[in-house]
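Encoded as structure tokens, the structure appears first; notes follow it.
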Amino acid sequence: MITAFARPRVRFGVAGFLTAAALMTPLLAHAAVPATPLMTLYKFNGPLEIPYFEIGPDGPGRPAGRLPQGTSVIPCLVIRNGRALTDAKGTPYVGFEVVVNPAKDKGERATGRFKRVFSERESLQVENHHCDSSVRHVLNVRDLYVLKKPPFFDPPGQGDPAAAERQGQSRLDQIVRVFHNSPECASVDATLLGRRARLALAWDRFMSKHDGRWDATTLARAKHLDYSMRTAIYEGHLDRGCSAYGACERNVVVLSIRNRGVGHCLARQGCRFPGDFQGIASDVSQYNIWDAYLTQISGLTSCYLRTDLAKREHYDRVQAMYAQSVGDAETILYGGTPALARVFRGTPLGELTELRHYYHPPAMGKCFPQHDRIEYMSGAVAKQGADHVLLANTRIEVGERVGSGYRFQAFRFEQDGLIDAVRIEDQYPGFIVDARKVSLGGGSGCTPYGVSSGCRFSNIGRYRRTPSWLSAGKPLAIHCRIDARGASCRDSGREQQVTVGGACDVDMMPVARVR
């Protein structure tokens, strides 16, 4: 916690940037609330740009401009005549300071700036969340989220295409590796915006450049394999590395892609023609990791197979995960139906061809039915005397009613293995949250660990919501025999039998017969 003796004066606006010096300006001795966090503009699969507004007399005024998704900002509350600027339902429109603008900022400077400001805001204590009087524009707070991952860029440089080709296990694998080490791939993540479209364009240019070396069908299959592997690696939990479960999980993801493109080609699932694994694997509505913002932070569209990065942290493990799974992935996509039995030994073939859906229970909507009066605040104002604070993208434990609001405490949690580790903190002593933003609706629709309500556990460490289609399908247990090398990908290989799924798997749930 920072303590000192004068309240900071900082400027907020679209063009400016809040410096470290301003952030570290000494505070009043009685300052005792956390500063607003660094927040990111984000609407899943939404428009690429989000409007901001002039400040009106009683709320937001005319549109003043747009910012791209992924813009990180420091929010503040606009106070007029002793009241925070909100809509009729109490949702605040917030002033803001731009920290990283994806349309302008790139490279290590953007990544470093995000990390530094995020860390500074986490420890900063302030008197209130009021904007400086220079603020002229506001954003809808419902478009802002506290997202911790910084912008992702590959390190500068390029690998050796010839060396990459020699590492390939098959012709398709060789082509994928050459692409990752090509100048076409290097162009994809040069900036933050439009990475999904730029990856498709890079593959088109690469295929045109090499159409005399490899035939069109082989090039197209390599592209589809690359997309399927990108989705399989980043859909799963990267920390599982080369463990048997992690590799089987990747095979299940590729199987879902294969089954959507073979015999069940549906436009609503991204399939433009039978065998369009690229379109299916990168359809945002089906595999949400391809969302425009998420590609800015994940490495999904990066050149992760570059030979010059083979010994670098993160890349060494992702390359090992790819190498472990690419052979099975090629068999699943192009080996024909009978070959599925070789990859998923012990799983009935009829069940394998039925699988097109799955979900990861830990990633589902979080809920806390074991705690009373927990409320999610997408955006609300709390007040104590003349001071106002912003509660956004956070949960609170609601206390007693006081006039036009409620006392409250901060509800914090961290996922620790199979447990949501909860703590209740009185971080805003004396503040009253606007009653219009409190519904006390409870935690309905939750199940232990986000699996079937019929599952029984001796101890329950977390609750999650389940997808609406779960009851319409049949949970599957998928068996794999994997040459596993552990989560670190550095263990000596050892063949292991593993099962992913089944009615009560709390990590991944493959589901068949969902229409």
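Residue numbering restarts at 1 for every chain of the structure tokens, chains are lettered A, B, ... in their displayed order, and ligands are numbered from 1 as they appear.
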Each segment 160-226 of chain A residue no farther than 7 Å from segment 298-311 of chain A, nearest pair in Å, only C-alpha atoms, as a tab-separated table:
```
residue	atom	partner	partner_atom	distance
A:Asp160	CA	A:Thr307	CA	6.0
A:Ala164	CA	A:Thr307	CA	6.3
A:Arg177	CA	A:Leu305	CA	6.2
A:His180	CA	A:Cys303	CA	4.8
A:Asn181	CA	A:Arg306	CA	5.2
A:Cys185	CA	A:Cys303	CA	6.1
A:Ala186	CA	A:Cys303	CA	6.7
A:Asp189	CA	A:Ser302	CA	6.1
A:Arg195	CA	A:Thr301	CA	6.7
A:Arg196	CA	A:Thr301	CA	7.0
A:Leu199	CA	A:Thr301	CA	6.6
```
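Of the residues under consideration (A:Met377, A:Leu124, A:Ala323, A:Ala281), A:Ala281 shows the shortest atom-to-atom contact distance to Leu255 of chain A when counting only C-alpha atoms.
When DSSP reads the backbone of this structure, the residues of segment 111-155 of chain A it assigns to strand (DSSP E or B) are Gln125, Val126, His130, His137, Val138, Leu139, Asn140, Leu144 and Tyr145 of chain A.
Closest approach to Val33 of chain A among A:Asp215, A:Glu127, A:Asp239, A:Thr499: A:Glu127, based on only C-alpha atoms.
Secondary structure by DSSP on the backbone puts the following residues of segment 65-141 of chain A in alpha helix (DSSP H): Gly107, Glu108, Arg109, Ala110, Thr111, Gly112, Arg113, Phe114, Lys115, Arg116, Val117, Phe118, Ser119, Glu120, Arg121, Glu122 and Ser123 of chain A.
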Dump of N, CA, C and O atoms for the selected residues, as a PDB file, in the first residue's frame:
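Generated output (again_1.pdb):
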```
ATOM      1  N   GLY A 107       4.391  -4.083 -30.086  1.00  0.00           N
ATOM      2  CA  GLY A 107       5.695  -4.520 -29.638  1.00  0.00           C
ATOM      3  C   GLY A 107       5.869  -4.493 -28.137  1.00  0.00           C
ATOM      4  O   GLY A 107       4.922  -4.345 -27.363  1.00  0.00           O
ATOM      5  N   GLU A 108       7.109  -4.639 -27.714  1.00  0.00           N
ATOM      6  CA  GLU A 108       7.429  -4.751 -26.301  1.00  0.00           C
ATOM      7  C   GLU A 108       7.043  -3.499 -25.516  1.00  0.00           C
ATOM      8  O   GLU A 108       6.715  -3.579 -24.331  1.00  0.00           O
ATOM      9  N   ARG A 109       7.057  -2.338 -26.165  1.00  0.00           N
ATOM     10  CA  ARG A 109       6.663  -1.126 -25.450  1.00  0.00           C
ATOM     11  C   ARG A 109       5.207  -1.214 -25.004  1.00  0.00           C
ATOM     12  O   ARG A 109       4.868  -0.824 -23.879  1.00  0.00           O
ATOM     13  N   ALA A 110       4.323  -1.705 -25.879  1.00  0.00           N
ATOM     14  CA  ALA A 110       2.914  -1.837 -25.516  1.00  0.00           C
ATOM     15  C   ALA A 110       2.738  -2.875 -24.418  1.00  0.00           C
ATOM     16  O   ALA A 110       2.002  -2.664 -23.445  1.00  0.00           O
ATOM     17  N   THR A 111       3.422  -4.019 -24.560  1.00  0.00           N
ATOM     18  CA  THR A 111       3.320  -5.073 -23.557  1.00  0.00           C
ATOM     19  C   THR A 111       3.851  -4.593 -22.212  1.00  0.00           C
ATOM     20  O   THR A 111       3.222  -4.801 -21.164  1.00  0.00           O
ATOM     21  N   GLY A 112       5.012  -3.949 -22.228  1.00  0.00           N
ATOM     22  CA  GLY A 112       5.607  -3.468 -20.987  1.00  0.00           C
ATOM     23  C   GLY A 112       4.778  -2.400 -20.310  1.00  0.00           C
ATOM     24  O   GLY A 112       4.653  -2.373 -19.081  1.00  0.00           O
ATOM     25  N   ARG A 113       4.207  -1.496 -21.099  1.00  0.00           N
ATOM     26  CA  ARG A 113       3.361  -0.441 -20.530  1.00  0.00           C
ATOM     27  C   ARG A 113       2.147  -1.045 -19.843  1.00  0.00           C
ATOM     28  O   ARG A 113       1.781  -0.650 -18.729  1.00  0.00           O
ATOM     29  N   PHE A 114       1.498  -2.012 -20.483  1.00  0.00           N
ATOM     30  CA  PHE A 114       0.333  -2.647 -19.886  1.00  0.00           C
ATOM     31  C   PHE A 114       0.711  -3.302 -18.564  1.00  0.00           C
ATOM     32  O   PHE A 114       0.034  -3.118 -17.544  1.00  0.00           O
ATOM     33  N   LYS A 115       1.776  -4.086 -18.548  1.00  0.00           N
ATOM     34  CA  LYS A 115       2.184  -4.782 -17.329  1.00  0.00           C
ATOM     35  C   LYS A 115       2.484  -3.805 -16.199  1.00  0.00           C
ATOM     36  O   LYS A 115       2.086  -4.012 -15.052  1.00  0.00           O
ATOM     37  N   ARG A 116       3.215  -2.750 -16.543  1.00  0.00           N
ATOM     38  CA  ARG A 116       3.614  -1.796 -15.512  1.00  0.00           C
ATOM     39  C   ARG A 116       2.412  -1.095 -14.897  1.00  0.00           C
ATOM     40  O   ARG A 116       2.288  -1.012 -13.663  1.00  0.00           O
ATOM     41  N   VAL A 117       1.515  -0.586 -15.742  1.00  0.00           N
ATOM     42  CA  VAL A 117       0.365   0.155 -15.220  1.00  0.00           C
ATOM     43  C   VAL A 117      -0.576  -0.782 -14.469  1.00  0.00           C
ATOM     44  O   VAL A 117      -1.125  -0.421 -13.421  1.00  0.00           O
ATOM     45  N   PHE A 118      -0.770  -1.997 -14.979  1.00  0.00           N
ATOM     46  CA  PHE A 118      -1.644  -2.942 -14.277  1.00  0.00           C
ATOM     47  C   PHE A 118      -1.111  -3.184 -12.864  1.00  0.00           C
ATOM     48  O   PHE A 118      -1.871  -3.163 -11.883  1.00  0.00           O
ATOM     49  N   SER A 119       0.185  -3.413 -12.746  1.00  0.00           N
ATOM     50  CA  SER A 119       0.788  -3.653 -11.438  1.00  0.00           C
ATOM     51  C   SER A 119       0.674  -2.435 -10.533  1.00  0.00           C
ATOM     52  O   SER A 119       0.350  -2.554  -9.341  1.00  0.00           O
ATOM     53  N   GLU A 120       0.928  -1.252 -11.069  1.00  0.00           N
ATOM     54  CA  GLU A 120       0.837  -0.034 -10.273  1.00  0.00           C
ATOM     55  C   GLU A 120      -0.575   0.189  -9.741  1.00  0.00           C
ATOM     56  O   GLU A 120      -0.764   0.576  -8.588  1.00  0.00           O
ATOM     57  N   ARG A 121      -1.569  -0.065 -10.592  1.00  0.00           N
ATOM     58  CA  ARG A 121      -2.952   0.158 -10.161  1.00  0.00           C
ATOM     59  C   ARG A 121      -3.364  -0.833  -9.065  1.00  0.00           C
ATOM     60  O   ARG A 121      -4.188  -0.507  -8.212  1.00  0.00           O
ATOM     61  N   GLU A 122      -2.816  -2.037  -9.087  1.00  0.00           N
ATOM     62  CA  GLU A 122      -3.192  -3.035  -8.080  1.00  0.00           C
ATOM     63  C   GLU A 122      -2.804  -2.610  -6.669  1.00  0.00           C
ATOM     64  O   GLU A 122      -3.480  -2.966  -5.696  1.00  0.00           O
ATOM     65  N   SER A 123      -1.722  -1.860  -6.521  1.00  0.00           N
ATOM     66  CA  SER A 123      -1.245  -1.495  -5.189  1.00  0.00           C
ATOM     67  C   SER A 123      -1.601  -0.065  -4.785  1.00  0.00           C
ATOM     68  O   SER A 123      -1.404   0.324  -3.640  1.00  0.00           O
TER      69      SER A 123
END
```
Please, which residues in segment 271-373 of chain A fall within 12 Å of segment 392-408 of chain A when counting only C-alpha atoms, and what is the closest atom pair and distance in Å to one decimal for each, ordered by chain then residue number, as a tab-separated table?
```
residue	atom	partner	partner_atom	distance
A:Lys366	CA	A:Arg395	CA	10.7
A:Cys367	CA	A:Arg395	CA	10.3
A:Phe368	CA	A:Arg395	CA	10.5
A:His371	CA	A:Glu397	CA	8.6
A:Asp372	CA	A:Glu397	CA	7.7
A:Arg373	CA	A:Val398	CA	5.4
```
Neighbouring residues of Pro34 of chain A were defined as those with any atom within 12 Å, considering only C-alpha atoms; residues of the same chain fewer than 4 positions away were excluded. Please report them as a list in words. Met1, Ile2, Leu38, Glu120, Arg121, Glu122, Ser123, Leu124, Gln125, Val126, Glu127, Asn128, His129, Val389, Leu390, Leu391, Ala410, Glu425, Asp426, Gln427, Tyr428 and Pro429 of chain A
Include N, CA, C and O atoms and write out the residues we just selected as a CSV table (one decimal), in the first residue's frame.
```csv
chain,number,residue,atom,x,y,z
A,1,MET,N,0.8,-1.2,0.0
A,1,MET,CA,0.0,0.0,0.0
A,1,MET,C,0.9,1.2,0.0
A,1,MET,O,1.9,1.3,0.7
A,2,ILE,N,0.5,2.2,-0.8
A,2,ILE,CA,1.2,3.5,-0.9
A,2,ILE,C,0.6,4.5,0.2
A,2,ILE,O,-0.6,4.6,0.2
A,38,LEU,N,-6.8,-1.1,-14.1
A,38,LEU,CA,-6.6,-1.0,-15.5
A,38,LEU,C,-7.7,-2.0,-16.1
A,38,LEU,O,-7.8,-3.1,-15.8
A,120,GLU,N,0.9,-1.3,-11.1
A,120,GLU,CA,0.8,0.0,-10.3
A,120,GLU,C,-0.6,0.2,-9.7
A,120,GLU,O,-0.8,0.6,-8.6
A,121,ARG,N,-1.6,-0.1,-10.6
A,121,ARG,CA,-3.0,0.2,-10.2
A,121,ARG,C,-3.4,-0.8,-9.1
A,121,ARG,O,-4.2,-0.5,-8.2
A,122,GLU,N,-2.8,-2.0,-9.1
A,122,GLU,CA,-3.2,-3.0,-8.1
A,122,GLU,C,-2.8,-2.6,-6.7
A,122,GLU,O,-3.5,-3.0,-5.7
A,123,SER,N,-1.7,-1.9,-6.5
A,123,SER,CA,-1.2,-1.5,-5.2
A,123,SER,C,-1.6,-0.1,-4.8
A,123,SER,O,-1.4,0.3,-3.6
A,124,LEU,N,-2.1,0.7,-5.7
A,124,LEU,CA,-2.4,2.1,-5.5
A,124,LEU,C,-3.6,2.3,-4.6
A,124,LEU,O,-4.7,1.7,-4.8
A,125,GLN,N,-3.6,3.2,-3.6
A,125,GLN,CA,-4.7,3.6,-2.7
A,125,GLN,C,-5.0,5.0,-3.0
A,125,GLN,O,-4.1,5.9,-3.1
A,126,VAL,N,-6.3,5.4,-3.0
A,126,VAL,CA,-6.7,6.7,-3.3
A,126,VAL,C,-7.9,7.2,-2.4
A,126,VAL,O,-8.4,6.3,-1.7
A,127,GLU,N,-8.2,8.4,-2.5
A,127,GLU,CA,-9.3,9.0,-1.7
A,127,GLU,C,-10.6,8.7,-2.3
A,127,GLU,O,-11.6,8.4,-1.6
A,128,ASN,N,-10.7,8.7,-3.6
A,128,ASN,CA,-12.0,8.5,-4.3
A,128,ASN,C,-11.6,8.2,-5.8
A,128,ASN,O,-10.4,8.2,-6.2
A,129,HIS,N,-12.6,8.0,-6.6
A,129,HIS,CA,-12.4,7.7,-8.0
A,129,HIS,C,-12.8,8.8,-9.0
A,129,HIS,O,-13.2,8.6,-10.1
A,389,VAL,N,-17.0,6.1,-5.5
A,389,VAL,CA,-16.0,5.0,-6.0
A,389,VAL,C,-16.8,4.2,-7.1
A,389,VAL,O,-18.0,4.1,-7.0
A,390,LEU,N,-16.0,3.6,-8.0
A,390,LEU,CA,-16.5,2.8,-9.0
A,390,LEU,C,-16.4,1.3,-8.7
A,390,LEU,O,-15.3,0.9,-8.3
A,391,LEU,N,-17.5,0.6,-8.8
A,391,LEU,CA,-17.4,-0.9,-8.7
A,391,LEU,C,-17.8,-1.4,-10.0
A,391,LEU,O,-18.9,-1.3,-10.5
A,410,ALA,N,-16.0,-6.3,-0.3
A,410,ALA,CA,-15.5,-6.8,-1.6
A,410,ALA,C,-15.4,-8.4,-1.4
A,410,ALA,O,-15.0,-8.9,-0.4
A,425,GLU,N,-13.3,-8.9,2.0
A,425,GLU,CA,-12.5,-7.8,2.4
A,425,GLU,C,-13.3,-6.5,2.5
A,425,GLU,O,-14.0,-6.1,1.6
A,426,ASP,N,-13.1,-5.8,3.6
A,426,ASP,CA,-13.8,-4.5,3.8
A,426,ASP,C,-12.8,-3.4,3.2
A,426,ASP,O,-12.2,-2.6,3.9
A,427,GLN,N,-12.8,-3.3,1.9
A,427,GLN,CA,-11.9,-2.4,1.2
A,427,GLN,C,-12.5,-1.0,1.0
A,427,GLN,O,-11.7,-0.1,0.7
A,428,TYR,N,-13.8,-0.9,1.2
A,428,TYR,CA,-14.5,0.5,1.0
A,428,TYR,C,-15.2,0.8,2.3
A,428,TYR,O,-16.5,0.9,2.3
A,429,PRO,N,-14.6,1.0,3.4
A,429,PRO,CA,-15.3,1.2,4.7
A,429,PRO,C,-16.1,2.4,4.6
A,429,PRO,O,-15.7,3.5,4.2
```
Identify, on the basis of only C-alpha atoms, every residue whose closest approach to Pro183 of chain A does not exceed 9 Å; exclude the query and any residue fewer than 3 positions from it along the same chain; express the result as a VMD selection string. chain A and resid 158 179 to 180 186 to 187 202 206
Deliver the residues from the most recent selection as a file, using all heavy atoms, as a compact mmCIF listing (two decimals), in the first residue's frame.
```
# COMPACT_ATOMS: atom_id res chain seq x y z
N GLN A 158 13.08 -14.22 -37.39
CA GLN A 158 12.45 -15.23 -38.24
C GLN A 158 13.29 -16.49 -38.19
O GLN A 158 14.52 -16.44 -38.12
CB GLN A 158 12.34 -14.73 -39.68
CG GLN A 158 11.57 -15.68 -40.61
CD GLN A 158 11.48 -15.13 -42.02
OE1 GLN A 158 11.30 -13.93 -42.21
NE2 GLN A 158 11.61 -16.00 -43.01
N PHE A 179 5.70 -22.80 -43.12
CA PHE A 179 4.86 -21.61 -43.04
C PHE A 179 5.18 -20.80 -41.79
O PHE A 179 5.31 -19.57 -41.84
CB PHE A 179 3.38 -21.99 -43.04
CG PHE A 179 2.47 -20.83 -42.75
CD1 PHE A 179 2.24 -19.84 -43.70
CD2 PHE A 179 1.87 -20.70 -41.50
CE1 PHE A 179 1.43 -18.75 -43.42
CE2 PHE A 179 1.05 -19.61 -41.22
CZ PHE A 179 0.83 -18.64 -42.17
N HIS A 180 5.31 -21.46 -40.64
CA HIS A 180 5.60 -20.74 -39.40
C HIS A 180 6.93 -20.00 -39.46
O HIS A 180 7.13 -19.04 -38.71
CB HIS A 180 5.60 -21.72 -38.22
CG HIS A 180 4.24 -22.03 -37.68
ND1 HIS A 180 3.84 -21.66 -36.42
CD2 HIS A 180 3.18 -22.67 -38.24
CE1 HIS A 180 2.59 -22.07 -36.22
NE2 HIS A 180 2.17 -22.70 -37.30
N ALA A 186 5.26 -14.15 -40.42
CA ALA A 186 5.81 -13.09 -39.57
C ALA A 186 4.98 -11.82 -39.62
O ALA A 186 5.03 -11.00 -38.70
CB ALA A 186 7.25 -12.80 -39.99
N SER A 187 4.21 -11.63 -40.69
CA SER A 187 3.42 -10.41 -40.83
C SER A 187 2.14 -10.43 -40.00
O SER A 187 1.54 -9.38 -39.77
CB SER A 187 3.05 -10.20 -42.30
OG SER A 187 2.13 -11.20 -42.75
N ALA A 202 -2.21 -14.54 -44.91
CA ALA A 202 -0.83 -15.04 -44.95
C ALA A 202 -0.78 -16.44 -45.55
O ALA A 202 0.12 -16.75 -46.34
CB ALA A 202 -0.24 -15.03 -43.54
N PHE A 206 1.17 -17.54 -48.92
CA PHE A 206 2.14 -18.63 -48.83
C PHE A 206 1.82 -19.73 -49.84
O PHE A 206 2.72 -20.24 -50.53
CB PHE A 206 2.15 -19.19 -47.41
CG PHE A 206 3.07 -20.36 -47.20
CD1 PHE A 206 4.41 -20.15 -46.92
CD2 PHE A 206 2.59 -21.66 -47.27
CE1 PHE A 206 5.27 -21.23 -46.71
CE2 PHE A 206 3.44 -22.74 -47.07
CZ PHE A 206 4.78 -22.53 -46.79
```
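Residue nearest Asp483 of chain A, chosen from A:Tyr52, A:Phe277, A:Tyr245, A:Tyr293 and counting only C-alpha atoms: A:Tyr245.
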